[in-house]
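Student: Structure supplied as model34.cif; contents: mmCIF, C-alpha atoms.
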```cif
data_final
loop_
_atom_site.group_PDB
_atom_site.id
_atom_site.type_symbol
_atom_site.label_atom_id
_atom_site.label_comp_id
_atom_site.auth_asym_id
_atom_site.auth_seq_id
_atom_site.Cartn_x
_atom_site.Cartn_y
_atom_site.Cartn_z
ATOM 1 C CA MET E 1 -7.998 9.587 -13.101
ATOM 2 C CA PRO E 2 -4.401 10.212 -11.960
ATOM 3 C CA LEU E 3 -3.759 10.202 -8.226
ATOM 4 C CA LEU E 4 -1.102 12.888 -8.380
ATOM 5 C CA LYS E 5 -2.323 16.372 -9.313
ATOM 6 C CA LEU E 6 0.645 18.608 -8.669
ATOM 7 C CA ASP E 7 -1.235 21.867 -9.240
ATOM 8 C CA ARG E 8 -3.704 20.926 -6.523
ATOM 9 C CA LEU E 9 -0.906 19.997 -4.104
ATOM 10 C CA CYS E 10 0.813 23.307 -4.797
ATOM 11 C CA ASP E 11 -2.373 25.334 -4.387
ATOM 12 C CA GLY E 12 -1.664 28.206 -1.991
ATOM 13 C CA LEU E 13 2.109 27.775 -2.193
ATOM 14 C CA GLU E 14 2.794 29.755 -5.359
ATOM 15 C CA SER E 15 3.637 33.001 -3.564
ATOM 16 C CA GLY E 16 6.840 31.549 -2.154
ATOM 17 C CA ASP E 17 9.486 29.048 -3.187
ATOM 18 C CA TRP E 18 7.746 25.861 -2.043
ATOM 19 C CA ALA E 19 5.805 25.216 -5.264
ATOM 20 C CA GLY E 20 8.922 25.534 -7.403
ATOM 21 C CA PHE E 21 10.886 23.154 -5.211
ATOM 22 C CA LEU E 22 8.031 20.628 -5.201
ATOM 23 C CA ARG E 23 7.802 20.700 -8.997
ATOM 24 C CA ASP E 24 11.569 20.223 -9.298
ATOM 25 C CA TRP E 25 11.481 17.377 -6.776
ATOM 26 C CA ASP E 26 8.666 15.656 -8.629
ATOM 27 C CA ARG E 27 10.705 15.805 -11.832
ATOM 28 C CA ALA E 28 13.619 14.173 -10.000
ATOM 29 C CA LEU E 29 11.325 11.500 -8.564
ATOM 30 C CA ARG E 30 9.911 10.749 -12.017
ATOM 31 C CA ALA E 31 13.443 10.527 -13.391
ATOM 32 C CA GLY E 32 14.203 8.032 -10.642
ATOM 33 C CA ASN E 33 11.193 5.932 -11.739
ATOM 34 C CA HIS E 34 9.390 6.299 -8.418
ATOM 35 C CA PRO E 35 5.776 5.075 -8.677
ATOM 36 C CA GLU E 36 2.967 7.615 -8.636
ATOM 37 C CA THR E 37 1.742 6.568 -5.187
ATOM 38 C CA THR E 38 5.190 7.131 -3.671
ATOM 39 C CA ARG E 39 5.559 10.492 -5.382
ATOM 40 C CA TYR E 40 2.138 11.565 -4.170
ATOM 41 C CA ASN E 41 2.855 10.627 -0.548
ATOM 42 C CA TYR E 42 6.248 12.356 -0.598
ATOM 43 C CA LEU E 43 4.961 15.556 -2.175
ATOM 44 C CA LEU E 44 1.839 15.647 -0.010
ATOM 45 C CA ALA E 45 3.926 15.539 3.173
ATOM 46 C CA ALA E 46 6.107 18.440 2.025
ATOM 47 C CA ALA E 47 3.065 20.491 0.940
ATOM 48 C CA GLN E 48 1.363 19.809 4.273
ATOM 49 C CA LEU E 49 4.433 21.017 6.143
ATOM 50 C CA ALA E 50 4.465 24.223 4.099
ATOM 51 C CA LYS E 51 0.777 24.880 4.747
ATOM 52 C CA TYR E 52 1.166 24.063 8.438
ATOM 53 C CA LEU E 53 3.965 26.616 8.761
ATOM 54 C CA ALA E 54 1.798 29.231 7.052
ATOM 55 C CA ASP E 55 -1.515 28.568 8.789
ATOM 56 C CA GLU E 56 -1.112 26.494 11.944
ATOM 57 C CA SER E 57 2.337 26.921 13.433
ATOM 58 C CA PRO E 58 2.441 28.739 16.797
ATOM 59 C CA ASP E 59 6.043 29.735 16.075
ATOM 60 C CA PRO E 60 6.194 33.466 15.227
ATOM 61 C CA ASP E 61 9.430 32.785 13.331
ATOM 62 C CA ALA E 62 7.771 30.287 10.964
ATOM 63 C CA ASP E 63 6.839 32.923 8.355
ATOM 64 C CA ASP E 64 10.157 32.685 6.511
ATOM 65 C CA ALA E 65 10.011 28.874 6.431
ATOM 66 C CA ALA E 66 6.444 29.058 5.130
ATOM 67 C CA GLN E 67 7.842 30.854 2.090
ATOM 68 C CA ASP E 68 11.131 28.998 1.644
ATOM 69 C CA PRO E 69 11.783 25.329 2.548
ATOM 70 C CA THR E 70 15.506 25.997 2.950
ATOM 71 C CA MET E 71 14.596 27.999 6.074
ATOM 72 C CA VAL E 72 12.872 25.076 7.836
ATOM 73 C CA THR E 73 14.441 24.174 11.188
ATOM 74 C CA LYS E 74 14.383 21.134 13.448
ATOM 75 C CA ALA E 75 11.902 22.936 15.720
ATOM 76 C CA HIS E 76 9.555 23.564 12.801
ATOM 77 C CA VAL E 77 9.531 19.888 11.868
ATOM 78 C CA GLU E 78 9.053 18.747 15.464
ATOM 79 C CA SER E 79 6.115 21.123 15.871
ATOM 80 C CA PHE E 80 4.564 19.808 12.639
ATOM 81 C CA GLN E 81 5.128 16.218 13.746
ATOM 82 C CA ALA E 82 3.473 16.820 17.114
ATOM 83 C CA TRP E 83 0.524 18.457 15.327
ATOM 84 C CA MET E 84 0.193 15.431 13.054
ATOM 85 C CA ILE E 85 0.124 13.089 16.049
ATOM 86 C CA GLU E 86 -2.546 15.230 17.715
ATOM 87 C CA THR E 87 -4.775 15.779 14.674
ATOM 88 C CA ARG E 88 -4.210 12.514 12.781
ATOM 89 C CA SER E 89 -2.347 9.592 14.347
ATOM 90 C CA PRO E 90 1.174 8.475 15.307
ATOM 91 C CA SER E 91 1.317 6.193 12.255
ATOM 92 C CA THR E 92 0.402 9.080 9.944
ATOM 93 C CA ALA E 93 3.035 11.247 11.631
ATOM 94 C CA LEU E 94 5.590 8.478 11.048
ATOM 95 C CA ASN E 95 4.743 8.357 7.341
ATOM 96 C CA LYS E 96 5.144 12.142 7.100
ATOM 97 C CA HIS E 97 8.475 11.904 8.931
ATOM 98 C CA LYS E 98 9.810 9.383 6.399
ATOM 99 C CA SER E 99 8.573 11.439 3.446
ATOM 100 C CA LEU E 100 10.134 14.648 4.775
ATOM 101 C CA GLN E 101 13.428 12.830 5.226
ATOM 102 C CA GLN E 102 13.403 12.248 1.485
ATOM 103 C CA PHE E 103 12.497 15.847 0.698
ATOM 104 C CA PHE E 104 15.298 17.359 2.711
ATOM 105 C CA LYS E 105 17.692 14.707 1.424
ATOM 106 C CA TYR E 106 16.824 16.007 -2.056
ATOM 107 C CA LEU E 107 17.546 19.600 -0.962
ATOM 108 C CA LEU E 108 20.908 18.429 0.406
ATOM 109 C CA GLU E 109 21.775 16.712 -2.866
ATOM 110 C CA GLU E 110 20.827 19.873 -4.735
ATOM 111 C CA GLU E 111 23.110 21.840 -2.343
ATOM 112 C CA GLU E 112 20.207 24.084 -1.367
ATOM 113 C CA ILE E 113 20.860 23.375 2.330
ATOM 114 C CA ASP E 114 23.995 22.405 4.252
ATOM 115 C CA LYS E 115 22.257 20.250 6.839
ATOM 116 C CA SER E 116 18.888 18.518 6.952
ATOM 117 C CA PRO E 117 16.509 19.710 9.686
ATOM 118 C CA MET E 118 15.470 16.035 9.950
ATOM 119 C CA ALA E 119 18.944 14.998 11.129
ATOM 120 C CA ARG E 120 18.065 14.954 14.836
ATOM 121 C CA VAL E 121 14.261 14.707 14.679
ATOM 122 C CA LYS E 122 13.247 11.415 16.262
ATOM 123 C CA GLN E 123 10.669 9.219 14.619
ATOM 124 C CA PRO E 124 7.351 9.156 16.483
ATOM 125 C CA GLN E 125 6.706 6.018 18.461
ATOM 126 C CA THR E 126 3.823 4.028 17.034
ATOM 127 C CA PRO E 127 1.985 1.187 18.756
ATOM 128 C CA GLN E 128 2.157 -2.059 16.820
ATOM 129 C CA LYS E 129 -1.349 -2.930 15.679
ATOM 130 C CA LEU E 130 -2.157 -6.604 15.412
ATOM 131 C CA VAL E 131 -4.040 -6.875 12.144
ATOM 132 C CA PRO E 132 -6.339 -9.912 12.249
ATOM 133 C CA ILE E 133 -5.807 -12.383 9.445
ATOM 134 C CA MET E 134 -8.485 -13.064 6.855
ATOM 135 C CA GLY E 135 -8.750 -16.804 7.336
ATOM 136 C CA ASP E 136 -10.752 -19.532 5.637
ATOM 137 C CA ASP E 137 -14.050 -18.902 7.448
ATOM 138 C CA ASP E 138 -14.265 -15.192 6.642
ATOM 139 C CA THR E 139 -13.028 -15.744 3.095
ATOM 140 C CA LYS E 140 -15.707 -18.389 2.536
ATOM 141 C CA LYS E 141 -18.390 -15.932 3.668
ATOM 142 C CA LEU E 142 -17.149 -13.425 1.111
ATOM 143 C CA LEU E 143 -16.954 -16.023 -1.661
ATOM 144 C CA ASP E 144 -20.464 -17.236 -0.872
ATOM 145 C CA GLY E 145 -21.638 -13.723 -1.676
ATOM 146 C CA THR E 146 -20.099 -13.900 -5.165
ATOM 147 C CA LYS E 147 -22.016 -16.982 -6.289
ATOM 148 C CA GLY E 148 -23.749 -16.386 -9.582
ATOM 149 C CA LYS E 149 -23.002 -15.779 -13.239
ATOM 150 C CA THR E 150 -23.228 -12.008 -13.399
ATOM 151 C CA PHE E 151 -20.142 -10.128 -14.548
ATOM 152 C CA MET E 152 -19.615 -8.621 -11.089
ATOM 153 C CA SER E 153 -19.955 -11.993 -9.354
ATOM 154 C CA LEU E 154 -17.390 -13.625 -11.642
ATOM 155 C CA ARG E 155 -15.012 -10.669 -11.398
ATOM 156 C CA ASP E 156 -15.235 -10.344 -7.631
ATOM 157 C CA GLU E 157 -14.729 -14.067 -7.022
ATOM 158 C CA ALA E 158 -11.599 -13.998 -9.185
ATOM 159 C CA LEU E 159 -10.292 -10.948 -7.317
ATOM 160 C CA ILE E 160 -10.947 -12.359 -3.849
ATOM 161 C CA ARG E 161 -9.389 -15.709 -4.716
ATOM 162 C CA LEU E 162 -6.307 -14.065 -6.201
ATOM 163 C CA TYR E 163 -5.714 -11.939 -3.093
ATOM 164 C CA TYR E 164 -6.361 -14.959 -0.863
ATOM 165 C CA ASN E 165 -4.097 -17.217 -2.916
ATOM 166 C CA THR E 166 -1.107 -14.891 -3.381
ATOM 167 C CA GLY E 167 -1.039 -12.458 -0.438
ATOM 168 C CA ALA E 168 -0.286 -9.675 -2.920
ATOM 169 C CA ARG E 169 -0.777 -5.991 -2.173
ATOM 170 C CA LEU E 170 -4.002 -4.187 -3.107
ATOM 171 C CA SER E 171 -2.304 -2.167 -5.860
ATOM 172 C CA GLU E 172 -0.310 -5.115 -7.217
ATOM 173 C CA ILE E 173 -3.455 -7.062 -8.057
ATOM 174 C CA GLY E 174 -5.488 -3.951 -8.814
ATOM 175 C CA ASN E 175 -3.057 -2.646 -11.451
ATOM 176 C CA LEU E 176 -2.579 -5.922 -13.327
ATOM 177 C CA LEU E 177 -2.620 -5.826 -17.111
ATOM 178 C CA LEU E 178 -3.885 -8.660 -19.262
ATOM 179 C CA THR E 179 -0.297 -9.222 -20.376
ATOM 180 C CA ASP E 180 0.752 -9.805 -16.742
ATOM 181 C CA LEU E 181 -1.422 -12.915 -16.584
ATOM 182 C CA ASP E 182 -0.158 -16.312 -17.775
ATOM 183 C CA MET E 183 -2.870 -18.940 -17.616
ATOM 184 C CA ASN E 184 -0.549 -21.629 -18.979
ATOM 185 C CA THR E 185 1.731 -21.443 -15.940
ATOM 186 C CA GLU E 186 -1.064 -20.214 -13.637
ATOM 187 C CA SER E 187 0.960 -17.192 -12.560
ATOM 188 C CA VAL E 188 0.888 -13.399 -12.538
ATOM 189 C CA HIS E 189 3.654 -10.864 -13.023
ATOM 190 C CA LEU E 190 3.368 -8.407 -10.109
ATOM 191 C CA HIS E 191 4.840 -4.915 -10.151
ATOM 192 C CA GLY E 192 5.813 -4.285 -6.530
ATOM 193 C CA LYS E 193 7.086 -1.355 -4.523
ATOM 194 C CA GLY E 194 10.361 0.210 -5.561
ATOM 195 C CA ALA E 195 10.099 -1.164 -9.107
ATOM 196 C CA LYS E 196 10.626 -4.678 -7.726
ATOM 197 C CA ASP E 197 8.836 -7.101 -10.023
ATOM 198 C CA ARG E 198 8.138 -10.741 -9.237
ATOM 199 C CA ARG E 199 6.085 -13.615 -10.602
ATOM 200 C CA VAL E 200 3.844 -15.630 -8.287
ATOM 201 C CA ARG E 201 1.751 -18.725 -8.848
ATOM 202 C CA PHE E 202 -1.908 -19.318 -8.057
ATOM 203 C CA GLY E 203 -3.855 -22.531 -7.533
ATOM 204 C CA PRO E 204 -6.494 -24.459 -9.510
ATOM 205 C CA LYS E 205 -9.535 -22.838 -7.831
ATOM 206 C CA THR E 206 -8.188 -19.376 -8.506
ATOM 207 C CA SER E 207 -7.280 -20.378 -12.048
ATOM 208 C CA ARG E 208 -10.835 -21.583 -12.678
ATOM 209 C CA ALA E 209 -12.318 -18.366 -11.268
ATOM 210 C CA ILE E 210 -10.025 -16.208 -13.429
ATOM 211 C CA ALA E 211 -10.821 -18.271 -16.541
ATOM 212 C CA ARG E 212 -14.546 -17.800 -15.970
ATOM 213 C CA TYR E 213 -14.033 -14.071 -15.491
ATOM 214 C CA LEU E 214 -11.923 -13.821 -18.674
ATOM 215 C CA ARG E 215 -14.676 -15.460 -20.720
ATOM 216 C CA ALA E 216 -17.217 -12.975 -19.346
ATOM 217 C CA ARG E 217 -14.789 -10.098 -19.891
ATOM 218 C CA ALA E 218 -14.270 -11.028 -23.535
ATOM 219 C CA LYS E 219 -18.008 -10.544 -24.148
ATOM 220 C CA ARG E 220 -17.986 -6.981 -22.843
ATOM 221 C CA LYS E 221 -18.287 -4.254 -25.449
ATOM 222 C CA GLY E 222 -14.965 -2.429 -25.820
ATOM 223 C CA ALA E 223 -13.092 -4.874 -23.592
ATOM 224 C CA ALA E 224 -10.476 -5.521 -26.271
ATOM 225 C CA ASP E 225 -9.392 -1.869 -25.997
ATOM 226 C CA VAL E 226 -8.837 -2.023 -22.223
ATOM 227 C CA PRO E 227 -5.330 -3.270 -21.332
ATOM 228 C CA HIS E 228 -6.104 -3.662 -17.623
ATOM 229 C CA LEU E 229 -7.191 -7.065 -16.358
ATOM 230 C CA TRP E 230 -10.046 -5.851 -14.159
ATOM 231 C CA MET E 231 -12.941 -3.943 -15.644
ATOM 232 C CA ALA E 232 -15.529 -1.743 -13.983
ATOM 233 C CA GLU E 233 -19.143 -2.825 -13.820
ATOM 234 C CA LYS E 234 -20.241 -0.415 -16.540
ATOM 235 C CA GLY E 235 -18.497 0.862 -19.624
ATOM 236 C CA ALA E 236 -15.196 -0.042 -21.233
ATOM 237 C CA LYS E 237 -13.006 1.234 -18.429
ATOM 238 C CA PRO E 238 -10.704 -0.365 -15.847
ATOM 239 C CA LEU E 239 -11.569 -1.004 -12.211
ATOM 240 C CA SER E 240 -9.098 0.998 -10.116
ATOM 241 C CA PRO E 241 -7.430 -0.289 -6.921
ATOM 242 C CA ASN E 242 -9.627 2.150 -4.995
ATOM 243 C CA GLY E 243 -12.658 0.646 -6.717
ATOM 244 C CA ILE E 244 -11.524 -2.790 -5.553
ATOM 245 C CA LYS E 245 -11.099 -1.429 -2.037
ATOM 246 C CA LEU E 246 -14.694 -0.172 -2.065
ATOM 247 C CA MET E 247 -15.932 -3.462 -3.528
ATOM 248 C CA LEU E 248 -14.284 -5.462 -0.736
ATOM 249 C CA LYS E 249 -15.760 -3.143 1.872
ATOM 250 C CA ARG E 250 -19.204 -3.574 0.319
ATOM 251 C CA ARG E 251 -18.851 -7.354 0.072
ATOM 252 C CA GLY E 252 -17.650 -7.495 3.682
ATOM 253 C CA ALA E 253 -20.627 -5.526 4.960
ATOM 254 C CA ALA E 254 -23.026 -7.806 3.096
ATOM 255 C CA ALA E 255 -21.320 -10.951 4.411
ATOM 256 C CA GLY E 256 -20.982 -9.712 7.991
ATOM 257 C CA VAL E 257 -17.176 -9.669 7.816
ATOM 258 C CA THR E 258 -15.740 -6.595 9.539
ATOM 259 C CA ASN E 259 -12.667 -4.709 8.313
ATOM 260 C CA THR E 260 -12.582 -6.401 4.935
ATOM 261 C CA HIS E 261 -9.510 -5.221 3.069
ATOM 262 C CA ALA E 262 -6.879 -6.868 0.883
ATOM 263 C CA HIS E 263 -4.046 -6.493 3.376
ATOM 264 C CA ARG E 264 -5.674 -8.978 5.744
ATOM 265 C CA TRP E 265 -5.057 -11.730 3.177
ATOM 266 C CA ARG E 266 -1.404 -10.639 3.092
ATOM 267 C CA HIS E 267 -1.245 -11.222 6.835
ATOM 268 C CA ASN E 268 -3.022 -14.545 6.400
ATOM 269 C CA PHE E 269 -0.530 -15.660 3.741
ATOM 270 C CA ALA E 270 2.386 -14.928 6.077
ATOM 271 C CA HIS E 271 0.625 -16.744 8.936
ATOM 272 C CA GLU E 272 -0.127 -19.848 6.861
ATOM 273 C CA TRP E 273 3.415 -19.864 5.468
ATOM 274 C CA HIS E 274 4.963 -19.782 8.944
ATOM 275 C CA LYS E 275 2.443 -22.309 10.219
ATOM 276 C CA GLY E 276 3.403 -24.703 7.431
ATOM 277 C CA GLY E 277 7.089 -24.378 8.245
ATOM 278 C CA GLY E 278 7.909 -22.220 5.220
ATOM 279 C CA ASN E 279 11.306 -20.544 4.873
ATOM 280 C CA THR E 280 11.406 -16.822 5.767
ATOM 281 C CA GLY E 281 13.664 -15.999 2.817
ATOM 282 C CA ASP E 282 11.231 -17.609 0.384
ATOM 283 C CA LEU E 283 8.327 -15.747 2.006
ATOM 284 C CA MET E 284 10.165 -12.456 1.445
ATOM 285 C CA LEU E 285 10.582 -13.297 -2.237
ATOM 286 C CA LEU E 286 6.923 -14.254 -2.662
ATOM 287 C CA LEU E 287 5.553 -11.158 -0.913
ATOM 288 C CA GLY E 288 8.096 -8.720 -2.333
ATOM 289 C CA TRP E 289 9.806 -7.719 0.903
ATOM 290 C CA ALA E 290 13.356 -6.389 1.217
ATOM 291 C CA SER E 291 13.442 -6.039 5.025
ATOM 292 C CA GLU E 292 13.478 -8.977 7.434
ATOM 293 C CA ASP E 293 11.337 -6.905 9.813
ATOM 294 C CA MET E 294 8.307 -7.487 7.612
ATOM 295 C CA PRO E 295 7.959 -11.276 8.122
ATOM 296 C CA ARG E 296 7.967 -10.678 11.875
ATOM 297 C CA ARG E 297 5.209 -8.058 11.666
ATOM 298 C CA TYR E 298 2.900 -9.858 9.284
ATOM 299 C CA GLY E 299 0.794 -12.605 10.766
ATOM 300 C CA ALA E 300 1.798 -11.441 14.252
ATOM 301 C CA SER E 301 -1.820 -11.498 15.406
ATOM 302 C CA ALA E 302 -1.869 -15.275 14.817
ATOM 303 C CA ALA E 303 1.600 -15.939 16.240
ATOM 304 C CA ALA E 304 0.198 -17.179 19.575
ATOM 305 C CA GLU E 305 -1.879 -19.780 17.731
ATOM 306 C CA ARG E 306 1.218 -21.067 15.916
ATOM 307 C CA ALA E 307 3.196 -21.170 19.162
ATOM 308 C CA GLN E 308 0.464 -23.094 20.965
ATOM 309 C CA GLU E 309 0.166 -25.647 18.165
ATOM 310 C CA LEU E 310 3.930 -26.165 18.173
ATOM 311 C CA GLN E 311 3.895 -26.502 21.964
ATOM 312 C CA VAL E 312 1.385 -29.342 21.719
ATOM 313 C CA GLN E 313 3.378 -31.045 18.963
ATOM 314 C CA MET E 314 6.624 -30.838 20.951
ATOM 315 C CA GLY E 315 4.981 -32.337 24.035
ATOM 316 C CA ILE E 316 7.082 -30.345 26.472
ATOM 317 C CA GLY E 317 6.336 -31.496 30.016
ATOM 318 C CA GLU E 318 4.425 -34.597 28.847
ATOM 319 C CA ARG E 319 7.205 -37.177 28.579
ATOM 320 C CA VAL E 320 7.233 -38.476 32.151
#
```
In structure tokens, write the structure found in this file.
Tutor:
Amino acid sequence: MPLLKLDRLCDGLESGDWAGFLRDWDRALRAGNHPETTRYNYLLAAAQLAKYLADESPDPDADDAAQDPTMVTKAHVESFQAWMIETRSPSTALNKHKSLQQFFKYLLEEEEIDKSPMARVKQPQTPQKLVPIMGDDDTKKLLDGTKGKTFMSLRDEALIRLYYNTGARLSEIGNLLLTDLDMNTESVHLHGKGAKDRRVRFGPKTSRAIARYLRARAKRKGAADVPHLWMAEKGAKPLSPNGIKLMLKRRGAAAGVTNTHAHRWRHNFAHEWHKGGGNTGDLMLLLGWASEDMPRRYGASAAAERAQELQVQMGIGERV
């Protein structure tokens, strides 16, 4: 089932100009080869702003902007952003801010507006959350729960090991095709954000788990007609990234591991890489990052542990 349903996003906006602009913007985003998830997040933010102006805004002058996005002002956006912080969270408000920047940039490029209302709207401050890593102990608890020869056990072990071994994003592993997998080189071709592809290796234990899963998969009726690597428990249909997310949550609850999600292994990968003295540039290549801010953020919750271990190794204050 596709994530992006434009008619649903535009529901209630057809009386004005918003729906038309959103449809035109989506066409431009598709022409730019933006992934569906990015398009959805962008369009959702713009639709939410339109509906806020129509239904929630305390500004009596918001009626025109609720009909026409070219009438949106800085005050309208700031009011929407404050509402997002109050009703959702600062991090959600930040995501909406970034998406709306892209929307009004599009209107500028189309010469529908002379100046973006986002030009002087400050980004909301967001507290940095220290995401705990998913280390060896918690991962072992999850893997212990996959022991067995059932299709689900074999599939879930392969999935968990691949996330643990590569630090890849939920969607990157979740959307793999059979053709992305190379068992000869023990590597996968990942399709990252911003159409940035990369190939990463995995180890012998992960390779063995994937091989066992592939043998079980080949016995499934209709499996040959499914191009996706991961299959759902029943029927000849793929397991979606959201299905994987739910599986990890279920496995975590059964194993007594709280907050089980794929991104924790991404943090763990960065932590282990730094701990082992790995090069930051190489880490960026492996995890598909373009910004040097990302290596500093990921694994930050375990940074004190790395610093303390290095302190002991250096022996500062112990030489006399």
Student: Counting only C-alpha atoms, figure out which residue out of E:Ala270, E:Ala50, E:Met152, E:Met71 gets nearest to E:Met231.
Tutor: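 Result for the nearest residue to E:Met231: E:Met152.
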Student: Listing only residues of stretch 139-194 of chain E within 12 Å of stretch 277-299 of chain E, what is the closest atom pair and its distance in Å (to one decimal) for each, using all atoms listed in the file, sorted by chain and residue number ascending, as a Markdown table?
Tutor:
```
| residue | atom | partner | partner_atom | distance |
| --- | --- | --- | --- | --- |
| E:Tyr163 | CA | E:Leu287 | CA | 11.5 |
| E:Asn165 | CA | E:Leu286 | CA | 11.4 |
| E:Thr166 | CA | E:Leu287 | CA | 8.0 |
| E:Gly167 | CA | E:Leu287 | CA | 6.7 |
| E:Ala168 | CA | E:Leu287 | CA | 6.3 |
| E:Arg169 | CA | E:Leu287 | CA | 8.3 |
| E:Glu172 | CA | E:Gly288 | CA | 10.4 |
| E:Ser187 | CA | E:Leu286 | CA | 11.9 |
| E:Val188 | CA | E:Leu286 | CA | 11.6 |
| E:His189 | CA | E:Leu286 | CA | 11.4 |
| E:Leu190 | CA | E:Gly288 | CA | 9.1 |
| E:His191 | CA | E:Gly288 | CA | 9.3 |
| E:Gly192 | CA | E:Gly288 | CA | 6.5 |
| E:Lys193 | CA | E:Gly288 | CA | 7.7 |
| E:Gly194 | CA | E:Gly288 | CA | 9.8 |
```
Student: Go through stretch 155-263 of chain E residue by residue and, counting only C-alpha atoms, keep those with an atom at most 7 Å from stretch 120-144 of chain E; for each kept residue give the shortest atom pair and its distance in Å to one decimal, ordered by chain and increasing number, as a Markdown table.
Tutor:
```
| residue | atom | partner | partner_atom | distance |
| --- | --- | --- | --- | --- |
| E:Glu157 | CA | E:Leu143 | CA | 6.1 |
| E:Arg251 | CA | E:Leu142 | CA | 6.4 |
| E:Gly252 | CA | E:Leu142 | CA | 6.5 |
| E:Ala255 | CA | E:Lys141 | CA | 5.8 |
| E:Val257 | CA | E:Asp138 | CA | 6.4 |
```
Student: Could you write those residues out with C-alpha atoms, as a PDB file, keeping the file's coordinate frame?
Tutor:
```
ATOM      1  CA  GLU E 157     -14.729 -14.067  -7.022  1.00  0.00           C
ATOM      2  CA  ARG E 251     -18.851  -7.354   0.072  1.00  0.00           C
ATOM      3  CA  GLY E 252     -17.650  -7.495   3.682  1.00  0.00           C
ATOM      4  CA  ALA E 255     -21.320 -10.951   4.411  1.00  0.00           C
ATOM      5  CA  VAL E 257     -17.176  -9.669   7.816  1.00  0.00           C
TER       6      VAL E 257
END
```
Student: Taking all atoms listed in the file into account, which of E:Leu154, E:Tyr52, E:Phe103, E:Gly203 comes nearest E:Arg23?
Tutor: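 Nearest to E:Arg23: E:Phe103.
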Student: Write out as an MDAnalysis selection string which residues come within 12 Å of E:Lys96 when counting only C-alpha atoms, dropping same-chain ones fewer than 3 positions away.
Tutor: chainID E and resid 38 40:49 77:78 80:85 88:93 99:103 118 123:124
Student: If you keep C-alpha atoms, can you produce a file of those selected residues as a PDB file, in the coordinates of the input?
Tutor:
```pdb
ATOM      1  CA  THR E  38       5.190   7.131  -3.671  1.00  0.00           C
ATOM      2  CA  TYR E  40       2.138  11.565  -4.170  1.00  0.00           C
ATOM      3  CA  ASN E  41       2.855  10.627  -0.548  1.00  0.00           C
ATOM      4  CA  TYR E  42       6.248  12.356  -0.598  1.00  0.00           C
ATOM      5  CA  LEU E  43       4.961  15.556  -2.175  1.00  0.00           C
ATOM      6  CA  LEU E  44       1.839  15.647  -0.010  1.00  0.00           C
ATOM      7  CA  ALA E  45       3.926  15.539   3.173  1.00  0.00           C
ATOM      8  CA  ALA E  46       6.107  18.440   2.025  1.00  0.00           C
ATOM      9  CA  ALA E  47       3.065  20.491   0.940  1.00  0.00           C
ATOM     10  CA  GLN E  48       1.363  19.809   4.273  1.00  0.00           C
ATOM     11  CA  LEU E  49       4.433  21.017   6.143  1.00  0.00           C
ATOM     12  CA  VAL E  77       9.531  19.888  11.868  1.00  0.00           C
ATOM     13  CA  GLU E  78       9.053  18.747  15.464  1.00  0.00           C
ATOM     14  CA  PHE E  80       4.564  19.808  12.639  1.00  0.00           C
ATOM     15  CA  GLN E  81       5.128  16.218  13.746  1.00  0.00           C
ATOM     16  CA  ALA E  82       3.473  16.820  17.114  1.00  0.00           C
ATOM     17  CA  TRP E  83       0.524  18.457  15.327  1.00  0.00           C
ATOM     18  CA  MET E  84       0.193  15.431  13.054  1.00  0.00           C
ATOM     19  CA  ILE E  85       0.124  13.089  16.049  1.00  0.00           C
ATOM     20  CA  ARG E  88      -4.210  12.514  12.781  1.00  0.00           C
ATOM     21  CA  SER E  89      -2.347   9.592  14.347  1.00  0.00           C
ATOM     22  CA  PRO E  90       1.174   8.475  15.307  1.00  0.00           C
ATOM     23  CA  SER E  91       1.317   6.193  12.255  1.00  0.00           C
ATOM     24  CA  THR E  92       0.402   9.080   9.944  1.00  0.00           C
ATOM     25  CA  ALA E  93       3.035  11.247  11.631  1.00  0.00           C
ATOM     26  CA  SER E  99       8.573  11.439   3.446  1.00  0.00           C
ATOM     27  CA  LEU E 100      10.134  14.648   4.775  1.00  0.00           C
ATOM     28  CA  GLN E 101      13.428  12.830   5.226  1.00  0.00           C
ATOM     29  CA  GLN E 102      13.403  12.248   1.485  1.00  0.00           C
ATOM     30  CA  PHE E 103      12.497  15.847   0.698  1.00  0.00           C
ATOM     31  CA  MET E 118      15.470  16.035   9.950  1.00  0.00           C
ATOM     32  CA  GLN E 123      10.669   9.219  14.619  1.00  0.00           C
ATOM     33  CA  PRO E 124       7.351   9.156  16.483  1.00  0.00           C
TER      34      PRO E 124
END
```
Student: Please evaluate the PyMOL selection byres ((chain E and resi 235-249) around 7) against the structure above and give the resulting residues as a list in words.
Tutor: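 After applying the PyMOL selection byres ((chain E and resi 235-249) around 7), what remains is Leu170, Ser171, Gly174, Asn175, Lys221, Gly222, Ala223, Val226, His228, Trp230, Met231, Ala232, Glu233, Lys234, Arg250, Arg251, Gly252, Ala253, Thr260 and His261 of chain E.
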Student: Using all atoms listed in the file, can you tell me which of E:Gly148, E:Ala307, E:Leu107, E:Asn33 comes closest to E:Lys196?
Tutor: E:Asn33
Student: Quick one, how far is atom CA of E:Trp25 from atom CA of E:Glu110?
Tutor: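 Computing the Euclidean distance for atom CA of E:Trp25 and atom CA of E:Glu110 yields 9.9 Å.
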Student: From the set E:Pro60, E:Pro204, E:Pro35, E:Gly12, which residue has the shortest atom-to-atom contact distance to E:His76, counting all atoms listed in the file?
Tutor: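 The answer is E:Pro60, which sits nearest to E:His76.
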Student: Tell me, in Å to one decimal, how far atom CA of E:Ala224 is from atom CA of E:Gly145.
Tutor: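 Pair atom CA of E:Ala224 / atom CA of E:Gly145 returns 28.2 Å.
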Student: Taking 3 positions as the minimum chain separation for residues in the same chain, which residues sit within 10 Å of E:Val72 when counting all atoms listed in the file? Answer as a ChimeraX atom specification.
Tutor: /E:49-50,53,62-69,75-77,104,113,116-118
